[in-house]
Amino acid sequence: MPIALYPGSFDPIHNGHIDIAERAARLFDRVVVAVYDSPSSKRLLFNTEQRVELARQTLQHLPTVQVMAYRGLTVDVAHQVGATAVVRGLRATSDYEYEAQLALTNKALAPEIDAVMLITSLQYAYLSASILKEVAALGGDISRWAPPVVVEALLNVQR
Ligand code: ADP
């Protein structure tokens, strides 16, 4: 019964993330979307509770996907939930450097856990949470990139 951990900041979750979660759900019996509590290198717009709630609401159509918050090492959480794979999404080649570094570090810490990289779907290849937030802040229409509940949350932040 293979279980995958899908970790990330999800600040906020968008259609590119959701697409990866849907595809991971087809590959694994269970997928745990793990919302990273405090990424050191990122200034977050939404707090952990909000990011978890938005992820829960937008992934509720996937019965085998659950959402949790986490802090600490990704491999420790993977062990805790019984995951044998860490799923990540890859967009352009620029993602590759970072993801390979992350995957090899995780592999050194926990050799029994494998990284599974899913290539983005073409329509989300240029979508990132930072671009989404920037377009929203400037009043642009983001409805093609994020579900209504996320669009609403971003609009509320701007008010
Ligand atoms: P992190 O801060 O860990 O990079 P993100 O929330 O930015 O977390 O992303 C979580 C995962 O989703 C990462 O593997 C990232 O590459 C992937 N991802 C982000 N945007 C997209 C997208 N448009 N298509 C596919 N995967 C994506």
# chains A, B, ... in the order shown; residues from 1 in each chain; ligands from 1
>>> residues_around(residues="Leu118 (chain A)", least_positions_apart="6", cutoff="8 Å", atoms="only C-alpha atoms", output="VMD selection string")
chain A and resid 20 87 to 90
>>> residues_near_ligand(ligand="ligand 1", cutoff="10 Å", atoms="only C-alpha atoms and all ligand atoms", output="PyMOL selection string")
chain A and resi 6-21+33-36+38-42+44+51+86-92+94-96+98-99+102+116-130+145
>>> atom_distance(atom1="CA of Val157 (chain A)", atom2="CA of Asn47 (chain A)")
11.7 Å
>>> atom_distance(atom1="CA of Ile113 (chain A)", atom2="CA of Ala85 (chain A)")
5.3 Å
>>> select_by_dssp(residues="chain A", states="strand (DSSP E or B)", output="ChimeraX atom specification")
/A:3-8,30-36,65-70,85-90,114-119
>>> select_by_dssp(residues="chain A", states="helix (DSSP H, G or I)", output="PyMOL selection string")
chain A and resi 15-27+48-58+74-81+93-109+122-124+129-137+148-158
>>> residues_around(residues="Val75 (chain A)", least_positions_apart="4", cutoff="9 Å", atoms="only C-alpha atoms", output="list of chain:residue names")
A:His79, A:Gln80, A:Ala83, A:Val86, A:Asn106, A:Lys107, A:Leu109, A:Ala110, A:Ile113
>>> write_last_selection(atoms="C-alpha atoms", output="compact mmCIF listing (two decimals), in the first residue's frame")
# COMPACT_ATOMS: atom_id res chain seq x y z
CA HIS A 79 8.40 8.21 8.21
CA GLN A 80 5.62 9.30 10.55
CA ALA A 83 5.31 7.31 3.10
CA VAL A 86 8.13 12.23 -1.66
CA ASN A 106 16.56 13.60 1.53
CA LYS A 107 18.08 10.44 0.03
CA LEU A 109 19.01 11.33 5.29
CA ALA A 110 16.58 8.52 4.45
CA ILE A 113 12.44 7.08 0.67
>>> residues_around(residues="Asp141 (chain A)", least_positions_apart="4", cutoff="9 Å", atoms="only C-alpha atoms", output="number ranges by chain")
A: 135-136, 151
>>> closest_residue(among="A:Ala25, A:Val77, A:Ala146, A:Ala115", to="Thr58 (chain A)", atoms="only C-alpha atoms")
A:Ala146
>>> closest_residue(among="A:Met68, A:Met1, A:Leu59, A:Ala78", to="Asp37 (chain A)", atoms="only C-alpha atoms")
A:Met68
>>> decode(residues="region 103-147 of chain A", atoms="N, CA and C atoms", output="PDB file, in the first residue's frame")
ATOM      1  N   ALA A 103      16.191  16.366  -3.296  1.00  0.00           N
ATOM      2  CA  ALA A 103      15.987  14.914  -3.376  1.00  0.00           C
ATOM      3  C   ALA A 103      17.232  14.166  -2.904  1.00  0.00           C
ATOM      4  N   LEU A 104      18.411  14.655  -3.300  1.00  0.00           N
ATOM      5  CA  LEU A 104      19.643  13.966  -2.909  1.00  0.00           C
ATOM      6  C   LEU A 104      19.917  14.135  -1.420  1.00  0.00           C
ATOM      7  N   THR A 105      19.537  15.299  -0.879  1.00  0.00           N
ATOM      8  CA  THR A 105      19.692  15.519   0.567  1.00  0.00           C
ATOM      9  C   THR A 105      18.759  14.576   1.328  1.00  0.00           C
ATOM     10  N   ASN A 106      17.513  14.508   0.880  1.00  0.00           N
ATOM     11  CA  ASN A 106      16.559  13.605   1.527  1.00  0.00           C
ATOM     12  C   ASN A 106      17.024  12.155   1.421  1.00  0.00           C
ATOM     13  N   LYS A 107      17.599  11.811   0.267  1.00  0.00           N
ATOM     14  CA  LYS A 107      18.080  10.442   0.033  1.00  0.00           C
ATOM     15  C   LYS A 107      19.224  10.101   0.997  1.00  0.00           C
ATOM     16  N   ALA A 108      20.080  11.104   1.258  1.00  0.00           N
ATOM     17  CA  ALA A 108      21.186  10.883   2.198  1.00  0.00           C
ATOM     18  C   ALA A 108      20.646  10.681   3.613  1.00  0.00           C
ATOM     19  N   LEU A 109      19.575  11.420   3.947  1.00  0.00           N
ATOM     20  CA  LEU A 109      19.005  11.326   5.289  1.00  0.00           C
ATOM     21  C   LEU A 109      18.165  10.064   5.461  1.00  0.00           C
ATOM     22  N   ALA A 110      17.488   9.667   4.383  1.00  0.00           N
ATOM     23  CA  ALA A 110      16.575   8.517   4.454  1.00  0.00           C
ATOM     24  C   ALA A 110      16.612   7.765   3.121  1.00  0.00           C
ATOM     25  N   PRO A 111      17.591   6.869   2.951  1.00  0.00           N
ATOM     26  CA  PRO A 111      17.796   6.194   1.663  1.00  0.00           C
ATOM     27  C   PRO A 111      16.593   5.370   1.191  1.00  0.00           C
ATOM     28  N   GLU A 112      15.738   4.988   2.127  1.00  0.00           N
ATOM     29  CA  GLU A 112      14.599   4.130   1.742  1.00  0.00           C
ATOM     30  C   GLU A 112      13.428   4.932   1.155  1.00  0.00           C
ATOM     31  N   ILE A 113      13.523   6.246   1.228  1.00  0.00           N
ATOM     32  CA  ILE A 113      12.440   7.082   0.674  1.00  0.00           C
ATOM     33  C   ILE A 113      12.877   7.636  -0.675  1.00  0.00           C
ATOM     34  N   ASP A 114      12.026   7.444  -1.679  1.00  0.00           N
ATOM     35  CA  ASP A 114      12.374   7.913  -3.017  1.00  0.00           C
ATOM     36  C   ASP A 114      11.657   9.197  -3.385  1.00  0.00           C
ATOM     37  N   ALA A 115      12.325  10.006  -4.216  1.00  0.00           N
ATOM     38  CA  ALA A 115      11.691  11.222  -4.725  1.00  0.00           C
ATOM     39  C   ALA A 115      10.986  10.871  -6.033  1.00  0.00           C
ATOM     40  N   VAL A 116       9.759  11.307  -6.161  1.00  0.00           N
ATOM     41  CA  VAL A 116       9.010  11.095  -7.411  1.00  0.00           C
ATOM     42  C   VAL A 116       8.672  12.473  -7.965  1.00  0.00           C
ATOM     43  N   MET A 117       9.242  12.790  -9.127  1.00  0.00           N
ATOM     44  CA  MET A 117       9.019  14.106  -9.743  1.00  0.00           C
ATOM     45  C   MET A 117       7.962  13.976 -10.825  1.00  0.00           C
ATOM     46  N   LEU A 118       6.923  14.745 -10.716  1.00  0.00           N
ATOM     47  CA  LEU A 118       5.905  14.762 -11.771  1.00  0.00           C
ATOM     48  C   LEU A 118       6.072  16.055 -12.563  1.00  0.00           C
ATOM     49  N   ILE A 119       6.173  15.906 -13.875  1.00  0.00           N
ATOM     50  CA  ILE A 119       6.319  17.086 -14.729  1.00  0.00           C
ATOM     51  C   ILE A 119       4.977  17.810 -14.793  1.00  0.00           C
ATOM     52  N   THR A 120       5.037  19.109 -14.659  1.00  0.00           N
ATOM     53  CA  THR A 120       3.823  19.931 -14.702  1.00  0.00           C
ATOM     54  C   THR A 120       3.003  19.703 -15.971  1.00  0.00           C
ATOM     55  N   SER A 121       1.728  19.921 -15.869  1.00  0.00           N
ATOM     56  CA  SER A 121       0.905  19.917 -17.079  1.00  0.00           C
ATOM     57  C   SER A 121       1.175  21.241 -17.801  1.00  0.00           C
ATOM     58  N   LEU A 122       1.147  21.169 -19.120  1.00  0.00           N
ATOM     59  CA  LEU A 122       1.559  22.306 -19.948  1.00  0.00           C
ATOM     60  C   LEU A 122       0.898  23.635 -19.546  1.00  0.00           C
ATOM     61  N   GLN A 123      -0.399  23.555 -19.229  1.00  0.00           N
ATOM     62  CA  GLN A 123      -1.118  24.819 -18.945  1.00  0.00           C
ATOM     63  C   GLN A 123      -0.674  25.470 -17.631  1.00  0.00           C
ATOM     64  N   TYR A 124       0.081  24.718 -16.792  1.00  0.00           N
ATOM     65  CA  TYR A 124       0.534  25.289 -15.522  1.00  0.00           C
ATOM     66  C   TYR A 124       2.055  25.489 -15.480  1.00  0.00           C
ATOM     67  N   ALA A 125       2.680  25.341 -16.631  1.00  0.00           N
ATOM     68  CA  ALA A 125       4.149  25.366 -16.680  1.00  0.00           C
ATOM     69  C   ALA A 125       4.733  26.691 -16.186  1.00  0.00           C
ATOM     70  N   TYR A 126       4.000  27.771 -16.319  1.00  0.00           N
ATOM     71  CA  TYR A 126       4.520  29.071 -15.899  1.00  0.00           C
ATOM     72  C   TYR A 126       3.827  29.597 -14.654  1.00  0.00           C
ATOM     73  N   LEU A 127       3.072  28.705 -13.996  1.00  0.00           N
ATOM     74  CA  LEU A 127       2.318  29.150 -12.821  1.00  0.00           C
ATOM     75  C   LEU A 127       3.113  28.916 -11.536  1.00  0.00           C
ATOM     76  N   SER A 128       3.218  29.970 -10.736  1.00  0.00           N
ATOM     77  CA  SER A 128       3.838  29.824  -9.416  1.00  0.00           C
ATOM     78  C   SER A 128       2.995  30.620  -8.426  1.00  0.00           C
ATOM     79  N   ALA A 129       3.107  30.263  -7.149  1.00  0.00           N
ATOM     80  CA  ALA A 129       2.329  30.974  -6.135  1.00  0.00           C
ATOM     81  C   ALA A 129       2.744  32.452  -6.096  1.00  0.00           C
ATOM     82  N   SER A 130       4.016  32.729  -6.326  1.00  0.00           N
ATOM     83  CA  SER A 130       4.445  34.147  -6.278  1.00  0.00           C
ATOM     84  C   SER A 130       3.844  34.956  -7.422  1.00  0.00           C
ATOM     85  N   ILE A 131       3.819  34.376  -8.628  1.00  0.00           N
ATOM     86  CA  ILE A 131       3.208  35.095  -9.758  1.00  0.00           C
ATOM     87  C   ILE A 131       1.715  35.304  -9.489  1.00  0.00           C
ATOM     88  N   LEU A 132       1.088  34.242  -8.973  1.00  0.00           N
ATOM     89  CA  LEU A 132      -0.351  34.315  -8.668  1.00  0.00           C
ATOM     90  C   LEU A 132      -0.635  35.469  -7.700  1.00  0.00           C
ATOM     91  N   LYS A 133       0.177  35.564  -6.643  1.00  0.00           N
ATOM     92  CA  LYS A 133      -0.019  36.607  -5.633  1.00  0.00           C
ATOM     93  C   LYS A 133       0.221  37.986  -6.230  1.00  0.00           C
ATOM     94  N   GLU A 134       1.213  38.073  -7.110  1.00  0.00           N
ATOM     95  CA  GLU A 134       1.533  39.372  -7.697  1.00  0.00           C
ATOM     96  C   GLU A 134       0.409  39.843  -8.622  1.00  0.00           C
ATOM     97  N   VAL A 135      -0.071  38.938  -9.479  1.00  0.00           N
ATOM     98  CA  VAL A 135      -1.161  39.307 -10.393  1.00  0.00           C
ATOM     99  C   VAL A 135      -2.407  39.700  -9.586  1.00  0.00           C
ATOM    100  N   ALA A 136      -2.697  38.924  -8.514  1.00  0.00           N
ATOM    101  CA  ALA A 136      -3.861  39.236  -7.676  1.00  0.00           C
ATOM    102  C   ALA A 136      -3.708  40.611  -7.034  1.00  0.00           C
ATOM    103  N   ALA A 137      -2.514  40.891  -6.525  1.00  0.00           N
ATOM    104  CA  ALA A 137      -2.272  42.182  -5.851  1.00  0.00           C
ATOM    105  C   ALA A 137      -2.436  43.349  -6.812  1.00  0.00           C
ATOM    106  N   LEU A 138      -2.159  43.091  -8.099  1.00  0.00           N
ATOM    107  CA  LEU A 138      -2.264  44.169  -9.096  1.00  0.00           C
ATOM    108  C   LEU A 138      -3.656  44.231  -9.730  1.00  0.00           C
ATOM    109  N   GLY A 139      -4.561  43.392  -9.216  1.00  0.00           N
ATOM    110  CA  GLY A 139      -5.954  43.454  -9.671  1.00  0.00           C
ATOM    111  C   GLY A 139      -6.245  42.641 -10.915  1.00  0.00           C
ATOM    112  N   GLY A 140      -5.327  41.759 -11.300  1.00  0.00           N
ATOM    113  CA  GLY A 140      -5.554  40.932 -12.489  1.00  0.00           C
ATOM    114  C   GLY A 140      -6.486  39.764 -12.203  1.00  0.00           C
ATOM    115  N   ASP A 141      -7.039  39.200 -13.270  1.00  0.00           N
ATOM    116  CA  ASP A 141      -7.956  38.061 -13.151  1.00  0.00           C
ATOM    117  C   ASP A 141      -7.134  36.775 -12.983  1.00  0.00           C
ATOM    118  N   ILE A 142      -7.277  36.127 -11.826  1.00  0.00           N
ATOM    119  CA  ILE A 142      -6.482  34.911 -11.565  1.00  0.00           C
ATOM    120  C   ILE A 142      -7.342  33.647 -11.582  1.00  0.00           C
ATOM    121  N   SER A 143      -8.612  33.796 -12.024  1.00  0.00           N
ATOM    122  CA  SER A 143      -9.538  32.670 -11.897  1.00  0.00           C
ATOM    123  C   SER A 143      -9.145  31.444 -12.725  1.00  0.00           C
ATOM    124  N   ARG A 144      -8.300  31.625 -13.747  1.00  0.00           N
ATOM    125  CA  ARG A 144      -7.901  30.441 -14.533  1.00  0.00           C
ATOM    126  C   ARG A 144      -6.801  29.643 -13.836  1.00  0.00           C
ATOM    127  N   TRP A 145      -6.197  30.216 -12.801  1.00  0.00           N
ATOM    128  CA  TRP A 145      -5.052  29.569 -12.156  1.00  0.00           C
ATOM    129  C   TRP A 145      -5.331  29.032 -10.748  1.00  0.00           C
ATOM    130  N   ALA A 146      -6.475  29.432 -10.200  1.00  0.00           N
ATOM    131  CA  ALA A 146      -6.754  29.011  -8.816  1.00  0.00           C
ATOM    132  C   ALA A 146      -8.255  28.802  -8.627  1.00  0.00           C
ATOM    133  N   PRO A 147      -8.645  27.872  -7.749  1.00  0.00           N
ATOM    134  CA  PRO A 147     -10.057  27.642  -7.486  1.00  0.00           C
ATOM    135  C   PRO A 147     -10.687  28.863  -6.810  1.00  0.00           C
TER     136      PRO A 147
END
